[in-house]
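Notes follow the structure.
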Amino acid sequence: MASCLRIVVIVVSLGYLCSLADAQKGNFSPIDTLVNQAIAEHRLPGAVVEVGHNGHVVFRKAYGERSLEPDHEPMTVDTIFDMASLTKPLMTATAVMQLFEQGKFRFNDPVAKYLPEFAANGKEDITIRQLLTHYSGLPPDLSLEEPWEGKAEAFRRAFAIAPATPAGVRFVYSDINFIVLGALVEKLSGMPEDEYVQRNIIAPLGLRHTRYMPPAEWRERIAPTQYEYGVMLRGVVHDPTSRRMGGVAGHAGLFSNADDVAVYAQSLLDRLAGKPSRFPVSRGVLEKMVTPEQPATGTALRGFGWDIETPYSSNRGEIFPVGSFGHTGFTGTSLWIDPSSDTYVVVLANAVHPNGGKSTVALRASIASAAAVGLGIVPDQGKLSARLTGYNESLSGMRHWIARNGEVKTGIDVLEADHFAELHALVKEHRENLRIGLLTNQTGVDMEGRRTIDVLAHAEGIELKTLFSPEHGIAGSQDTENIGNATDPATGLPVVSLYGATDAQRRPSPDSLRDLDAVVIDLQDAGVRFYTYESVVGYFLEAAAKTGTKIVLLDRPNPINGAFAQGPLSDIGDESYVHYMPLPVRHGMTMGELARYFNQQRKLRASLTVVKMQNWQRGDWYDSTGLTWINPSPNLRDLEEAEIYPALGLVETTNISVGRGTDTPFEIFGAPWMDGRNLARYLNKRFLPGVRFVPIDFTPQKPYPYAGQACHGVRILVVDRNVLDAPQLGIEIAAALHKLYPQDYKLEHIKTLLANQSVLEQLMKGVDPSRIADDWRDSLQAFELKKKEALLY
């Protein structure tokens, strides 16, 4: 047995010799400087730093002392540390993911489904997802002001506690979340958490110096933490709550050393990369641990257990990209992992020794940056930031962006600049003047303010024969269904109205297209699924596919940007003029991209050419484009209203006024039977990101709902549009009205624009809106993947 142990040590040592040889390729001396300076300044007694890259340990070193009191002891690379909150992702979250993989639960299930006592004090709707991402609304810690002992008592207190804020709306890092998750692991597995992780995580990974409640023979290699009642804690968990629980808890209690953490990290990286790995979770499930999984309105990015981009992710440093992930522990422990460069950085310290210590936040960040520089890792120039936000700009801890000053050329401007090349290509195909129709309205203008109608009417080699107008007419000023055909006074061209009371009146007839070689489309969209200009584009694609007519779409910005898709997808089989095909409320596509998506997903096979914009970025709100706002419809009068439109548009078919017939449509809502003060107070208590509510009284004018009647309601103030999930805001408003005014509010009328039966049924049952939003997450993610092929920018 002794000889076997010697062989293991020799193999490990040879591995580190090779790794250290690799380390000579980089310069890691700045790490020495950083740690030694921190020790000299008494910010920590010592530390162990270990860096892995491309499957090898490239740096491994111990600094200072592991013990200052009662005796001085040098730090060694095999020192075992109290991992504190690193327990959460390393063990508890991994255990939860294993149980998910076994089909034991769904992430959007309420915790109370498995732990019924947890439903106490209004927690019946808090989900497992919200616990894992720290969006549960629970307070940070259990109270220690009065004496209590035992794991069972801790669970009882955690189950009984009242939320501090509503679930799903605010990131609050909470030990209670993981105490409850520890209870969930024990309930679903049927064994204590320490026994479960030993069998299912520690043993499969081959971790030799990792466990809860370390044995006495490990004591001399454990870094002590702090005095407690005159006794130095050594091998006894530092966290007082975990200590009262007997040393085993979901949030803290694990002990380990740098080598074992490195094995865990490298196994995780290998699994993510599809390489052979002992990591005890499948690749697909692991992806959910390390990519953003916070609720739809969440502003701090958290995976299931791992920190991605929050105020606590400073240990990423300044080189590793947003999208890498990690975690820290209160005692001074830290792990950061970057899949893009196949790198991890382990920093283990007992900074609380001997009497509390000082912050290691800046040190951990500096070590991560020094390691990245030493390895020659280059920042990703904000590539992942661009995917998350639409801009190539770095994120701060709470996802703040700066609006840019762009100079966007729309499709008509690009068409003019290239001398109508896209249309002339069709002219050559037809060997004569190209006969075209034009679907447009008042929004179809170039940068000089000239109507697209006039530009094309005077283009050489092109014969503009027919104009088509969508809802609101060619001038965009009519708010009625009775819009007949007309004549454009400037050109004398016939205008075919495609807005009427019947489905046939809203579609281009085959006869209207047969004499046309192509139809050009130039319409400004609102970026919302139920905006009818989108359906009329779909109808043109359908008709053109049958007649062989070419479609040339001149693209324009999505005014509420193209960085986000939000809201529930509409149901299959319930298509209508406000629901051309299954889409989320806010789809995040331009009209050109949407047309491509329709053509691809409906397999229409229409001949479609999109004249792309120039200089538009996906993160651009309309006021970042340099373009002049033109009302796309009579009651969408500025960008501020467009920002809220996905919310109030969603509920406007119910029996409320959304401000039509006032100077501020889609900024206010109310009804004669509402109490504006009470409603504003209720909605503000929901702490919805990006918005506040103030009471207001208003009187709509004819011909709109409640014309001439005094309405009481609220004004919506957008305080941060980049964190606002407007479709979920619409669901929140509907849920609030249903709860506060069950006799007056006609919730069932939301179905027309909601077009999602499951969401309607949950609203009718009074399910919390944050839980409803979690349930549409998977379909929304599937949509994001599906639409990629249609994207142009």
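So you can find residues: chains in the structure tokens are A, B, ... in the order shown, residues in each start at 1, and ligands are numbered from 1 in order.
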| field | Selection: 10 Å around Asn655 of chain A, only C-alpha atoms, excl. self and same-chain fewer than 4 positions, as an MDAnalysis selection string | value | chainID A and resid 651 670:671 705:706 744:750
| task | Select from segment 402-549 of chain A everything DSSP, run on the backbone, classes as helix (DSSP H, G or I), then give the selection as number ranges by chain. | result | A: 411-417, 421-430, 452-457, 504-506, 510-514, 532-547
If you keep C-alpha atoms, can you produce a file of those selected residues as a compact mmCIF listing (two decimals), in the first residue's frame?
# COMPACT_ATOMS: atom_id res chain seq x y z
CA GLY A 411 -32.66 50.60 -47.38
CA ILE A 412 -33.97 53.40 -49.60
CA ASP A 413 -30.81 55.45 -49.00
CA VAL A 414 -28.62 52.46 -49.86
CA LEU A 415 -30.71 51.79 -52.97
CA GLU A 416 -30.26 55.38 -54.15
CA ALA A 417 -26.54 55.34 -53.32
CA ALA A 421 -28.56 48.25 -58.56
CA GLU A 422 -30.87 45.71 -56.92
CA LEU A 423 -33.77 46.82 -59.11
CA HIS A 424 -31.69 47.16 -62.27
CA ALA A 425 -30.63 43.54 -61.85
CA LEU A 426 -34.31 42.67 -62.15
CA VAL A 427 -34.64 45.02 -65.15
CA LYS A 428 -31.97 43.01 -66.98
CA GLU A 429 -33.78 39.83 -66.06
CA HIS A 430 -36.96 41.16 -67.68
CA THR A 452 -39.86 56.59 -51.56
CA ILE A 453 -42.90 56.93 -53.82
CA ASP A 454 -41.38 59.96 -55.58
CA VAL A 455 -37.87 58.49 -55.68
CA LEU A 456 -39.04 55.33 -57.45
CA ALA A 457 -41.54 57.16 -59.65
CA ALA A 504 -59.46 39.20 -47.93
CA GLN A 505 -59.35 43.00 -47.71
CA ARG A 506 -56.03 42.77 -45.85
CA PRO A 510 -53.25 37.74 -57.15
CA ASP A 511 -54.79 40.02 -59.79
CA SER A 512 -53.11 43.08 -58.26
CA LEU A 513 -49.69 41.40 -58.58
CA ARG A 514 -49.94 39.70 -61.99
CA THR A 532 -49.99 44.65 -38.40
CA TYR A 533 -47.34 45.89 -40.86
CA GLU A 534 -45.54 42.62 -40.17
CA SER A 535 -48.50 40.50 -41.22
CA VAL A 536 -49.03 42.43 -44.44
CA VAL A 537 -45.40 41.72 -45.38
CA GLY A 538 -46.08 38.04 -44.77
CA TYR A 539 -49.18 38.22 -46.95
CA PHE A 540 -47.15 39.76 -49.79
CA LEU A 541 -44.60 36.97 -49.55
CA GLU A 542 -47.38 34.38 -49.75
CA ALA A 543 -48.97 36.04 -52.78
CA ALA A 544 -45.64 36.62 -54.52
CA ALA A 545 -44.68 32.97 -54.08
CA LYS A 546 -47.80 32.04 -56.05
CA THR A 547 -47.52 34.66 -58.80
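Across the model, the gap from atom CA of Phe330 of chain A to atom CA of Val352 of chain A is 8.2 Å.
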Wanna dump the segment 614-706 of chain A-segment 588-604 of chain A contacts at 12 Å for me, each residue with its shortest atom pair and the distance in Å to one decimal, counting only C-alpha atoms, ordered by chain and number, as CSV?
residue,atom,partner,partner_atom,distance
A:Trp616,CA,A:Thr590,CA,10.4
A:Gln617,CA,A:Thr590,CA,11.0
A:Arg618,CA,A:Gly588,CA,8.3
A:Gly619,CA,A:Gly588,CA,9.8
A:Asp620,CA,A:Gly588,CA,11.0
A:Trp621,CA,A:Gly588,CA,11.1
A:Tyr622,CA,A:Thr590,CA,11.9
A:Pro646,CA,A:Gly588,CA,11.8
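With atom CA of Leu254 of chain A on one side and atom CA of Phe155 of chain A on the other, the separation reads 18.5 Å.
One finds atom CA of Pro166 of chain A at 5.8 Å from atom CA of Arg686 of chain A.
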| said: If we count only C-alpha atoms and set the cut-off at 8 Å, which residues sit around segment 286-302 of chain A, ignoring sequence neighbours fewer than 3 positions away in its own chain? Please answer as a PyMOL selection string. | reply: chain A and resi 93+97+129-130+133+135+168-171+272+281-283+305-311+323-325+397-399+566+688-689+723-725+728+770+773-774+777
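Using only C-alpha atoms, the smallest distance between any of A:Ala486, A:Leu627, A:Ser633, A:Thr662 and Asn441 of chain A comes from A:Ser633.
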